[in-house]
Amino acid sequence: MEKNKRGLGFYLRIYRKVLVQDLKSKMSYRADFVISTIGMIMTNLAGFITFLILFGKFPSINGWDYHHMLFLYAFSLIALTPVQCFFDNNWNLRFMVQSGDFIKYCFRPINVFFYFISEVFDVKGLGQLAFGVGTLVYAWNKIGLVVSVPIILKLLLYLLTASLFMIAIMNAAAATCFWIQGSGYVMVIMFRFKDFAKYPASIFSGIFRVIFTFVIPIAFVAYYPSLVLLDPGNVPLLSWISPALGILFFYLSYKFWMLGVRRYDFTGS
Amino acid sequence: MGNEAIVMKDLCKDFKVLNRHEGLKGSIRDLFSRDYKTVSAVRNVDLTVNKGEMIGYLGPNGAGKSTTIKMMTGVLEPTSGEILVNGVVPYINRKKNCENIGVVFGQRSQLWWSLPLIESFKLLRDIYMVSEKDYQDMLELYRSLVDIEPILHKPVRQMSLGQRTLSDILAAFLHNPDIVFLDEPTIGLDVSMKAKIRSLIAGLNEQKNTTVILTTHDMGDVDALCKRIVIIDKGQKIYDNDIEHLKSYFGSYRTLRLKLDDDTWEETLIDESKTDIMEVINRADRQKKIRDIELIEISTEEVIKKIYEGEAS
Ligand SMILES: Nc1ncnc2c1ncn2[C@@H]1O[C@H](COP(=O)(O)OP(=O)(O)OP(=O)(O)O)[C@@H](O)[C@H]1O
Ligand SMILES: [Mg+2]
C-alpha cells in the first residue's frame, strides 16, 4: 500500500486550496474584512507620518539622506509582509500549546510546521504591501536608480531574503512557548525589534550592531539587502551572502520549532 | 506482520513535571530549574489488538488512557518498552503511521474551523491522497449510515457539539484507515446523539473492518460497541477480557436510588443475584416515605472499583 511521496508540488497544491477556502470564508464576514483593512491602512499611515516628521528634519544621518531613508523604510515594509500574511498563526501557537489543542496538527501524514502555518492567511498584511510598494517606487525615482530586468530580479531576490530573516525571528520567538510560559513577551519584544529594521545599521554602534546582525538579525530585514541596490559599487560581503544567510536562519528557526514539537509533552487530555 | 493491528510490550511513559513559576522572571528561572517531579502515567502495559477488533479502553480519570493513545498515534515517545502500530514504530515514523490511522479527541475538533464540512473533507481527501472513487464511495457509505446533508455545508464553527463530534468521526474514517482512535467521543452529548454516534461507529467498523480503540466513561458506549475491554488504573493494566466475562460478574449489579421526603437521594449498590430489589424497596418504604425510585446500571467507574477490589480476576 505504498503511496506517492509528498513533495513540494503536493505542499503547494494543499496550501493553495487551504488559502482559497480560507479567503472565501473570510469574504463572507464582510464587515470584519473591511474593518481590519481600514485598521491596517490607518496603522500604516500613522507609521508613515511619524517617519516624515522624524526624518523630514534631518538632512542626512550617517551619510543617508532623506530619500535613501525612505527607500529603506519602504524596503522593510515590503519585507515584513510575508511574515504577517503567511506566518501569522505563530501568534496563536502558545495558546494552542498551552490548551493542548496543538495536538491536532500531529495526526496528519504531513509536515507539522506546514500544516500549522498553512491554517491562517492574514489579509491585513496586503495593505502594508501596497503601501510599501508605492513608497519604494517613489524613493526609487527620487534617488534616480535605474530600472532594468536584472535589477528588478535582484530587488525581488533581496526582498525575499529580507523577509526570510523576519520569518526566522518570529518562528524562533514563537517556538519558545514549547519551553517557557512567558513566550508571549518574547514574541512581542521580537516583533517590536522590527521597528529598528528601517534604520541603517551603521547608526548602531558596537555590541548592538553585532546583536542586530548575528543574534537577532534585524539588520538583514532591510539594511544589508538594500545596500546591494542602493550602493552597487560598494557592497559589503554580508550583503552579498545575505540570501544564503537568510536560508540558513530560516532553516535553523524551522529546526528549532520542530525540536519544540518533539519535546513538547502534549498537556491536556 | 500477522493479524495484529497494535502490539505493545512493557510500555511505560513517565512525565517529568516542572514546578513552574509565574511571569517573565519565573519563566527565565524555569529554563534553568531542575525542580522536577516524575509522574508515571503508563506502567508496563502489554497489549495486543487484532485487526477489526473494537476495544473499550477504560479506566478512571488520570488512569493513562489518553497517554497510551498519544503513544499509539506517535505524538509521544514512550519512556521505555516496545510499540508497533500496523507494523510501524509510531514515534519514529509519525507521518507513515498517520497514513493508516484516524483520531478523534473528545471535544477538540480537528477540522478547519471556518470551513464548511465538505471543504474539510476535500482537503483531507487531498492530504491523504484518497482516490476520487474511494472518496465518493465513502461519502455514499456515510449517507447510508447517517443523515449528513444538514451538516455537510455548515462551517464547523457554527455546529453544535454533537454535530461537530459527528463530523470529526466522519473525518477520521474518511481515508479508510486501518485503525481509528476515539478518545471519549460521546462526552457531553445527549442520549439521541450518543445513539446515533454509536450506530455510526458500529456500522463503519462492520463495513470497513476498521480496528477501533475507544476510551469512554460511559458504559453504554462499551455495551453497544465493544466485545473486549481493557481496563487500566494508575497506569497499569488490571483487566483484559471479554465484556461477557465482566458481565457475568457485574451484570447483576444495579444502583438503587431512592428519593426521600426531604428531597435527598439515597444510593445503594445491589447485587441482584443475592438480593431482591423489591424487598429492599419495601423495607425502606416501611421506614420512611419514598417519593421517587431510580434504577441505574452499574457505571464503568464502579465496575473498575470492583475489579480493583479483586472480585473479577
Ligand atoms: N503532558 C503531561 N505532563 C504531565 N503529566 C501528564 C501529562 N499528560 C498526562 N499527565 C498525567 O498522566 C496521568 C494520565 O493522564 P491521562 O490523560 O493519560 O489520563 P486519562 O486516562 O486519559 O484520564 P481522563 O479519563 O481524565 O481523560 C495523569 O496523572 C496526568 O496528570
Ligand atoms: Mg483522557
# chains A, B, ... in the order shown; residues from 1 in each chain; ligands from 1
>>> residues_around(residues="range 32-36 of chain A", least_positions_apart="5", cutoff="10 Å", atoms="only C-alpha atoms", output="list of chain:residue names")
A:Lys26, A:Met27, A:Ile41, A:Met42, A:Val123, A:Lys124, A:Gly127
>>> select_by_dssp(residues="range 2-70 of chain B", states="strand (DSSP E or B)", output="ChimeraX atom specification")
/B:4-18,36-50,54-58
>>> interface_residues(of="chain B", to="chain A", cutoff="8 Å", atoms="only C-alpha atoms", output="ChimeraX atom specification")
/B:15,23-24,27-28,30-31,66,73,75-76,94-99,102-103,108-110,112,114-115,119,123,126-129
>>> residues_around(residues="range 229-241 of chain A", least_positions_apart="2", cutoff="10 Å", atoms="only C-alpha atoms", output="list in words")
His68, Phe71, Leu72, Trp140, Ile143, Leu145, Val146, Ile151, Ile152, Lys154, Leu155, Tyr158, Thr161, Thr213, Phe220, Tyr223, Tyr224, Pro225, Ser226, Leu227, Pro243, Ala244, Leu245 and Gly246 of chain A
>>> closest_residue(among="B:Gly2, B:Gly235, B:Gly188, B:Gly62", to="ligand 2", atoms="only C-alpha atoms and all ligand atoms")
B:Gly62
>>> residues_near_ligand(ligand="ligand 2", cutoff="8 Å", atoms="only C-alpha atoms and all ligand atoms", output="list in words")
Ser269 of chain A; Asn61, Gly62, Gly64, Lys65, Ser66, Thr67, Asp183, Glu184 and Thr215 of chain B
>>> closest_atom_pairs(of="chain B", to="ligand 1", cutoff="12 Å", atoms="only C-alpha atoms and all ligand atoms", output="JSON lines")
{"residue": "B:Cys12", "atom": "CA", "partner": "ligand 1", "partner_atom_place_in_ligand_line": "12 (O)", "distance": 11.2}
{"residue": "B:Lys13", "atom": "CA", "partner": "ligand 1", "partner_atom_place_in_ligand_line": "12 (O)", "distance": 8.5}
{"residue": "B:Asp14", "atom": "CA", "partner": "ligand 1", "partner_atom_place_in_ligand_line": "12 (O)", "distance": 7.9}
{"residue": "B:Phe15", "atom": "CA", "partner": "ligand 1", "partner_atom_place_in_ligand_line": "4 (C)", "distance": 4.9}
{"residue": "B:Lys16", "atom": "CA", "partner": "ligand 1", "partner_atom_place_in_ligand_line": "4 (C)", "distance": 6.5}
{"residue": "B:Val17", "atom": "CA", "partner": "ligand 1", "partner_atom_place_in_ligand_line": "4 (C)", "distance": 5.5}
{"residue": "B:Leu18", "atom": "CA", "partner": "ligand 1", "partner_atom_place_in_ligand_line": "4 (C)", "distance": 8.7}
{"residue": "B:Asn19", "atom": "CA", "partner": "ligand 1", "partner_atom_place_in_ligand_line": "4 (C)", "distance": 10.8}
{"residue": "B:Tyr36", "atom": "CA", "partner": "ligand 1", "partner_atom_place_in_ligand_line": "4 (C)", "distance": 10.7}
{"residue": "B:Lys37", "atom": "CA", "partner": "ligand 1", "partner_atom_place_in_ligand_line": "4 (C)", "distance": 9.5}
{"residue": "B:Thr38", "atom": "CA", "partner": "ligand 1", "partner_atom_place_in_ligand_line": "4 (C)", "distance": 8.3}
{"residue": "B:Val39", "atom": "CA", "partner": "ligand 1", "partner_atom_place_in_ligand_line": "5 (N)", "distance": 6.1}
{"residue": "B:Ser40", "atom": "CA", "partner": "ligand 1", "partner_atom_place_in_ligand_line": "12 (O)", "distance": 6.6}
{"residue": "B:Ala41", "atom": "CA", "partner": "ligand 1", "partner_atom_place_in_ligand_line": "12 (O)", "distance": 4.0}
{"residue": "B:Val42", "atom": "CA", "partner": "ligand 1", "partner_atom_place_in_ligand_line": "14 (C)", "distance": 7.1}
{"residue": "B:Arg43", "atom": "CA", "partner": "ligand 1", "partner_atom_place_in_ligand_line": "14 (C)", "distance": 10.4}
{"residue": "B:Tyr57", "atom": "CA", "partner": "ligand 1", "partner_atom_place_in_ligand_line": "21 (O)", "distance": 9.1}
{"residue": "B:Leu58", "atom": "CA", "partner": "ligand 1", "partner_atom_place_in_ligand_line": "21 (O)", "distance": 7.6}
{"residue": "B:Gly59", "atom": "CA", "partner": "ligand 1", "partner_atom_place_in_ligand_line": "21 (O)", "distance": 6.0}
{"residue": "B:Pro60", "atom": "CA", "partner": "ligand 1", "partner_atom_place_in_ligand_line": "25 (O)", "distance": 5.5}
{"residue": "B:Asn61", "atom": "CA", "partner": "ligand 1", "partner_atom_place_in_ligand_line": "26 (O)", "distance": 3.4}
{"residue": "B:Gly62", "atom": "CA", "partner": "ligand 1", "partner_atom_place_in_ligand_line": "19 (O)", "distance": 3.4}
{"residue": "B:Ala63", "atom": "CA", "partner": "ligand 1", "partner_atom_place_in_ligand_line": "21 (O)", "distance": 3.7}
{"residue": "B:Gly64", "atom": "CA", "partner": "ligand 1", "partner_atom_place_in_ligand_line": "18 (O)", "distance": 3.1}
{"residue": "B:Lys65", "atom": "CA", "partner": "ligand 1", "partner_atom_place_in_ligand_line": "21 (O)", "distance": 3.6}
{"residue": "B:Ser66", "atom": "CA", "partner": "ligand 1", "partner_atom_place_in_ligand_line": "22 (O)", "distance": 3.6}
{"residue": "B:Thr67", "atom": "CA", "partner": "ligand 1", "partner_atom_place_in_ligand_line": "18 (O)", "distance": 3.7}
{"residue": "B:Thr68", "atom": "CA", "partner": "ligand 1", "partner_atom_place_in_ligand_line": "18 (O)", "distance": 6.4}
{"residue": "B:Ile69", "atom": "CA", "partner": "ligand 1", "partner_atom_place_in_ligand_line": "18 (O)", "distance": 8.0}
{"residue": "B:Lys70", "atom": "CA", "partner": "ligand 1", "partner_atom_place_in_ligand_line": "18 (O)", "distance": 8.3}
{"residue": "B:Met71", "atom": "CA", "partner": "ligand 1", "partner_atom_place_in_ligand_line": "18 (O)", "distance": 10.0}
{"residue": "B:Val75", "atom": "CA", "partner": "ligand 1", "partner_atom_place_in_ligand_line": "1 (N)", "distance": 11.0}
{"residue": "B:Leu76", "atom": "CA", "partner": "ligand 1", "partner_atom_place_in_ligand_line": "1 (N)", "distance": 9.1}
{"residue": "B:Glu77", "atom": "CA", "partner": "ligand 1", "partner_atom_place_in_ligand_line": "1 (N)", "distance": 11.5}
{"residue": "B:Phe105", "atom": "CA", "partner": "ligand 1", "partner_atom_place_in_ligand_line": "27 (O)", "distance": 9.9}
{"residue": "B:Gly106", "atom": "CA", "partner": "ligand 1", "partner_atom_place_in_ligand_line": "27 (O)", "distance": 9.2}
{"residue": "B:Gln107", "atom": "CA", "partner": "ligand 1", "partner_atom_place_in_ligand_line": "27 (O)", "distance": 11.3}
{"residue": "B:Leu182", "atom": "CA", "partner": "ligand 1", "partner_atom_place_in_ligand_line": "22 (O)", "distance": 11.4}
{"residue": "B:Asp183", "atom": "CA", "partner": "ligand 1", "partner_atom_place_in_ligand_line": "27 (O)", "distance": 7.9}
{"residue": "B:Glu184", "atom": "CA", "partner": "ligand 1", "partner_atom_place_in_ligand_line": "27 (O)", "distance": 7.7}
{"residue": "B:Pro185", "atom": "CA", "partner": "ligand 1", "partner_atom_place_in_ligand_line": "27 (O)", "distance": 11.3}
{"residue": "B:Ile187", "atom": "CA", "partner": "ligand 1", "partner_atom_place_in_ligand_line": "27 (O)", "distance": 10.5}
{"residue": "B:Leu214", "atom": "CA", "partner": "ligand 1", "partner_atom_place_in_ligand_line": "22 (O)", "distance": 11.3}
{"residue": "B:Thr215", "atom": "CA", "partner": "ligand 1", "partner_atom_place_in_ligand_line": "25 (O)", "distance": 8.0}
{"residue": "B:Thr216", "atom": "CA", "partner": "ligand 1", "partner_atom_place_in_ligand_line": "25 (O)", "distance": 7.5}
{"residue": "B:His217", "atom": "CA", "partner": "ligand 1", "partner_atom_place_in_ligand_line": "25 (O)", "distance": 7.2}
{"residue": "B:Asp218", "atom": "CA", "partner": "ligand 1", "partner_atom_place_in_ligand_line": "25 (O)", "distance": 10.9}
{"residue": "B:Ile231", "atom": "CA", "partner": "ligand 1", "partner_atom_place_in_ligand_line": "21 (O)", "distance": 9.9}
{"residue": "B:Ile232", "atom": "CA", "partner": "ligand 1", "partner_atom_place_in_ligand_line": "21 (O)", "distance": 7.9}
{"residue": "B:Asp233", "atom": "CA", "partner": "ligand 1", "partner_atom_place_in_ligand_line": "21 (O)", "distance": 7.9}
{"residue": "B:Lys234", "atom": "CA", "partner": "ligand 1", "partner_atom_place_in_ligand_line": "14 (C)", "distance": 7.5}
{"residue": "B:Gly235", "atom": "CA", "partner": "ligand 1", "partner_atom_place_in_ligand_line": "14 (C)", "distance": 7.0}
{"residue": "B:Gln236", "atom": "CA", "partner": "ligand 1", "partner_atom_place_in_ligand_line": "14 (C)", "distance": 10.7}
{"residue": "B:Lys237", "atom": "CA", "partner": "ligand 1", "partner_atom_place_in_ligand_line": "21 (O)", "distance": 11.6}
{"residue": "B:Thr300", "atom": "CA", "partner": "ligand 1", "partner_atom_place_in_ligand_line": "25 (O)", "distance": 11.4}
{"residue": "B:Glu301", "atom": "CA", "partner": "ligand 1", "partner_atom_place_in_ligand_line": "25 (O)", "distance": 10.5}
>>> closest_residue(among="B:Lys259, B:Leu269, B:Arg198, B:Lys51", to="Asp285 in chain B", atoms="only C-alpha atoms")
B:Lys259
>>> residues_around(residues="Leu84 in chain B", least_positions_apart="2", cutoff="7 Å", atoms="only C-alpha atoms", output="number ranges by chain")
B: 6-8, 82, 86-90
>>> residues_around(residues="Lys288 in chain B", least_positions_apart="6", cutoff="12 Å", atoms="only C-alpha atoms", output="list in words")
Leu258, Lys259, Leu260, Asp261, Asp262, Glu266, Ile281 and Asn282 of chain B
>>> atom_distance(atom1="CA of Lys255 in chain A", atom2="CA of Ala168 in chain A")
10.4 Å
>>> select_by_dssp(residues="range 44-263 of chain A", states="alpha helix (DSSP H)", output="ChimeraX atom specification")
/A:44-57,66-79,81-86,90-99,112-118,124-143,149-175,183-193,206-210,223-230,237-240,242-263
>>> residues_around(residues="range 193-208 of chain A", least_positions_apart="3", cutoff="6 Å", atoms="only C-alpha atoms", output="PyMOL selection string")
chain A and resi 72-73+76+190+211-212+218-219+221-223
>>> write_last_selection(atoms="all heavy atoms", output="PDB file, in the first residue's frame")
ATOM      1  N   LEU A  72      14.772  52.664   2.472  1.00  0.00           N
ATOM      2  CA  LEU A  72      14.984  51.622   3.477  1.00  0.00           C
ATOM      3  C   LEU A  72      13.666  51.297   4.198  1.00  0.00           C
ATOM      4  O   LEU A  72      13.339  50.134   4.445  1.00  0.00           O
ATOM      5  CB  LEU A  72      16.004  52.142   4.493  1.00  0.00           C
ATOM      6  CG  LEU A  72      16.895  51.126   5.175  1.00  0.00           C
ATOM      7  CD1 LEU A  72      17.619  50.282   4.162  1.00  0.00           C
ATOM      8  CD2 LEU A  72      17.888  51.855   6.083  1.00  0.00           C
ATOM      9  N   TYR A  73      12.937  52.351   4.493  1.00  0.00           N
ATOM     10  CA  TYR A  73      11.653  52.206   5.168  1.00  0.00           C
ATOM     11  C   TYR A  73      10.695  51.372   4.316  1.00  0.00           C
ATOM     12  O   TYR A  73      10.070  50.409   4.791  1.00  0.00           O
ATOM     13  CB  TYR A  73      11.086  53.600   5.432  1.00  0.00           C
ATOM     14  CG  TYR A  73       9.716  53.636   6.063  1.00  0.00           C
ATOM     15  CD1 TYR A  73       9.468  52.999   7.273  1.00  0.00           C
ATOM     16  CD2 TYR A  73       8.673  54.346   5.459  1.00  0.00           C
ATOM     17  CE1 TYR A  73       8.218  53.044   7.855  1.00  0.00           C
ATOM     18  CE2 TYR A  73       7.417  54.406   6.040  1.00  0.00           C
ATOM     19  CZ  TYR A  73       7.200  53.757   7.237  1.00  0.00           C
ATOM     20  OH  TYR A  73       5.959  53.806   7.822  1.00  0.00           O
ATOM     21  N   SER A  76      11.712  47.771   4.090  1.00  0.00           N
ATOM     22  CA  SER A  76      11.376  46.989   5.291  1.00  0.00           C
ATOM     23  C   SER A  76       9.880  46.674   5.329  1.00  0.00           C
ATOM     24  O   SER A  76       9.486  45.584   5.732  1.00  0.00           O
ATOM     25  CB  SER A  76      11.805  47.724   6.562  1.00  0.00           C
ATOM     26  OG  SER A  76      10.938  48.797   6.837  1.00  0.00           O
ATOM     27  N   MET A 190      10.326  40.637  20.163  1.00  0.00           N
ATOM     28  CA  MET A 190      10.946  40.378  18.859  1.00  0.00           C
ATOM     29  C   MET A 190      10.225  41.123  17.741  1.00  0.00           C
ATOM     30  O   MET A 190      10.836  41.638  16.828  1.00  0.00           O
ATOM     31  CB  MET A 190      10.926  38.872  18.551  1.00  0.00           C
ATOM     32  CG  MET A 190      11.883  38.085  19.377  1.00  0.00           C
ATOM     33  SD  MET A 190      13.559  38.706  19.179  1.00  0.00           S
ATOM     34  CE  MET A 190      14.304  38.110  20.673  1.00  0.00           C
ATOM     35  N   ILE A 211      24.703  42.348  17.695  1.00  0.00           N
ATOM     36  CA  ILE A 211      23.460  41.652  18.046  1.00  0.00           C
ATOM     37  C   ILE A 211      22.459  41.702  16.896  1.00  0.00           C
ATOM     38  O   ILE A 211      21.896  40.686  16.491  1.00  0.00           O
ATOM     39  CB  ILE A 211      22.832  42.270  19.319  1.00  0.00           C
ATOM     40  CG1 ILE A 211      23.685  41.911  20.536  1.00  0.00           C
ATOM     41  CG2 ILE A 211      21.405  41.761  19.521  1.00  0.00           C
ATOM     42  CD1 ILE A 211      23.226  42.557  21.825  1.00  0.00           C
ATOM     43  N   PHE A 212      22.272  42.901  16.331  1.00  0.00           N
ATOM     44  CA  PHE A 212      21.275  43.043  15.266  1.00  0.00           C
ATOM     45  C   PHE A 212      21.720  42.408  13.950  1.00  0.00           C
ATOM     46  O   PHE A 212      20.940  42.310  13.009  1.00  0.00           O
ATOM     47  CB  PHE A 212      20.918  44.519  15.054  1.00  0.00           C
ATOM     48  CG  PHE A 212      20.047  45.066  16.159  1.00  0.00           C
ATOM     49  CD1 PHE A 212      20.056  46.417  16.476  1.00  0.00           C
ATOM     50  CD2 PHE A 212      19.210  44.218  16.877  1.00  0.00           C
ATOM     51  CE1 PHE A 212      19.250  46.914  17.495  1.00  0.00           C
ATOM     52  CE2 PHE A 212      18.405  44.702  17.890  1.00  0.00           C
ATOM     53  CZ  PHE A 212      18.429  46.055  18.207  1.00  0.00           C
ATOM     54  N   ILE A 218      18.033  41.675  12.702  1.00  0.00           N
ATOM     55  CA  ILE A 218      17.157  42.742  12.208  1.00  0.00           C
ATOM     56  C   ILE A 218      17.817  43.542  11.082  1.00  0.00           C
ATOM     57  O   ILE A 218      17.145  44.002  10.153  1.00  0.00           O
ATOM     58  CB  ILE A 218      16.797  43.680  13.390  1.00  0.00           C
ATOM     59  CG1 ILE A 218      15.802  42.987  14.331  1.00  0.00           C
ATOM     60  CG2 ILE A 218      16.231  44.988  12.897  1.00  0.00           C
ATOM     61  CD1 ILE A 218      14.441  42.743  13.728  1.00  0.00           C
ATOM     62  N   ALA A 219      19.132  43.673  11.153  1.00  0.00           N
ATOM     63  CA  ALA A 219      19.831  44.467  10.137  1.00  0.00           C
ATOM     64  C   ALA A 219      19.679  43.857   8.749  1.00  0.00           C
ATOM     65  O   ALA A 219      19.907  44.528   7.737  1.00  0.00           O
ATOM     66  CB  ALA A 219      21.312  44.587  10.498  1.00  0.00           C
ATOM     67  N   VAL A 221      16.796  42.711   7.694  1.00  0.00           N
ATOM     68  CA  VAL A 221      15.421  42.857   7.237  1.00  0.00           C
ATOM     69  C   VAL A 221      15.295  44.035   6.267  1.00  0.00           C
ATOM     70  O   VAL A 221      14.297  44.166   5.574  1.00  0.00           O
ATOM     71  CB  VAL A 221      14.459  42.992   8.440  1.00  0.00           C
ATOM     72  CG1 VAL A 221      13.016  43.192   8.002  1.00  0.00           C
ATOM     73  CG2 VAL A 221      14.542  41.742   9.306  1.00  0.00           C
ATOM     74  N   ALA A 222      16.313  44.893   6.200  1.00  0.00           N
ATOM     75  CA  ALA A 222      16.293  45.944   5.183  1.00  0.00           C
ATOM     76  C   ALA A 222      17.718  46.415   4.843  1.00  0.00           C
ATOM     77  O   ALA A 222      18.095  46.464   3.678  1.00  0.00           O
ATOM     78  CB  ALA A 222      15.449  47.128   5.637  1.00  0.00           C
ATOM     79  N   TYR A 223      18.489  46.709   5.858  1.00  0.00           N
ATOM     80  CA  TYR A 223      19.761  47.380   5.634  1.00  0.00           C
ATOM     81  C   TYR A 223      20.704  46.627   4.693  1.00  0.00           C
ATOM     82  O   TYR A 223      20.993  47.096   3.590  1.00  0.00           O
ATOM     83  CB  TYR A 223      20.445  47.637   6.971  1.00  0.00           C
ATOM     84  CG  TYR A 223      21.812  48.254   6.845  1.00  0.00           C
ATOM     85  CD1 TYR A 223      21.951  49.587   6.425  1.00  0.00           C
ATOM     86  CD2 TYR A 223      22.959  47.518   7.123  1.00  0.00           C
ATOM     87  CE1 TYR A 223      23.210  50.153   6.302  1.00  0.00           C
ATOM     88  CE2 TYR A 223      24.217  48.081   7.014  1.00  0.00           C
ATOM     89  CZ  TYR A 223      24.346  49.404   6.591  1.00  0.00           C
ATOM     90  OH  TYR A 223      25.578  49.955   6.473  1.00  0.00           O
TER      91      TYR A 223
END
>>> decode(residues="range 179-190 of chain A", atoms="N, CA, C and O atoms", output="short mmCIF file (atom, residue, chain, number, x, y, z; two decimals), in the first residue's frame")
data_model
loop_
_atom_site.label_atom_id
_atom_site.label_comp_id
_atom_site.auth_asym_id
_atom_site.auth_seq_id
_atom_site.Cartn_x
_atom_site.Cartn_y
_atom_site.Cartn_z
N TRP A 179 9.03 25.70 25.54
CA TRP A 179 9.90 25.60 26.72
C TRP A 179 9.46 26.48 27.88
O TRP A 179 9.58 26.10 29.02
N ILE A 180 9.02 27.70 27.55
CA ILE A 180 8.71 28.63 28.63
C ILE A 180 7.27 29.13 28.54
O ILE A 180 6.66 29.10 27.46
N GLN A 181 6.75 29.58 29.65
CA GLN A 181 5.37 30.06 29.66
C GLN A 181 5.26 31.51 29.19
O GLN A 181 4.26 31.89 28.62
N GLY A 182 6.29 32.30 29.44
CA GLY A 182 6.21 33.72 29.10
C GLY A 182 6.58 34.01 27.66
O GLY A 182 7.08 35.09 27.35
N SER A 183 6.32 33.07 26.75
CA SER A 183 6.78 33.26 25.38
C SER A 183 6.04 34.40 24.68
O SER A 183 6.51 34.94 23.69
N GLY A 184 4.88 34.78 25.24
CA GLY A 184 4.17 35.93 24.67
C GLY A 184 5.03 37.18 24.69
O GLY A 184 5.11 37.93 23.72
N TYR A 185 5.74 37.38 25.81
CA TYR A 185 6.63 38.54 25.92
C TYR A 185 7.72 38.47 24.85
O TYR A 185 8.04 39.45 24.21
N VAL A 186 8.27 37.27 24.70
CA VAL A 186 9.36 37.10 23.73
C VAL A 186 8.89 37.50 22.34
O VAL A 186 9.56 38.24 21.61
N MET A 187 7.69 37.04 21.99
CA MET A 187 7.18 37.36 20.66
C MET A 187 6.96 38.86 20.48
O MET A 187 7.31 39.44 19.46
N VAL A 188 6.36 39.48 21.49
CA VAL A 188 6.08 40.91 21.38
C VAL A 188 7.38 41.70 21.25
O VAL A 188 7.52 42.58 20.40
N ILE A 189 8.36 41.33 22.06
CA ILE A 189 9.64 42.05 22.01
C ILE A 189 10.30 41.87 20.64
O ILE A 189 10.74 42.83 20.02
N MET A 190 10.33 40.64 20.16
CA MET A 190 10.95 40.38 18.86
C MET A 190 10.22 41.12 17.74
O MET A 190 10.84 41.64 16.83
#
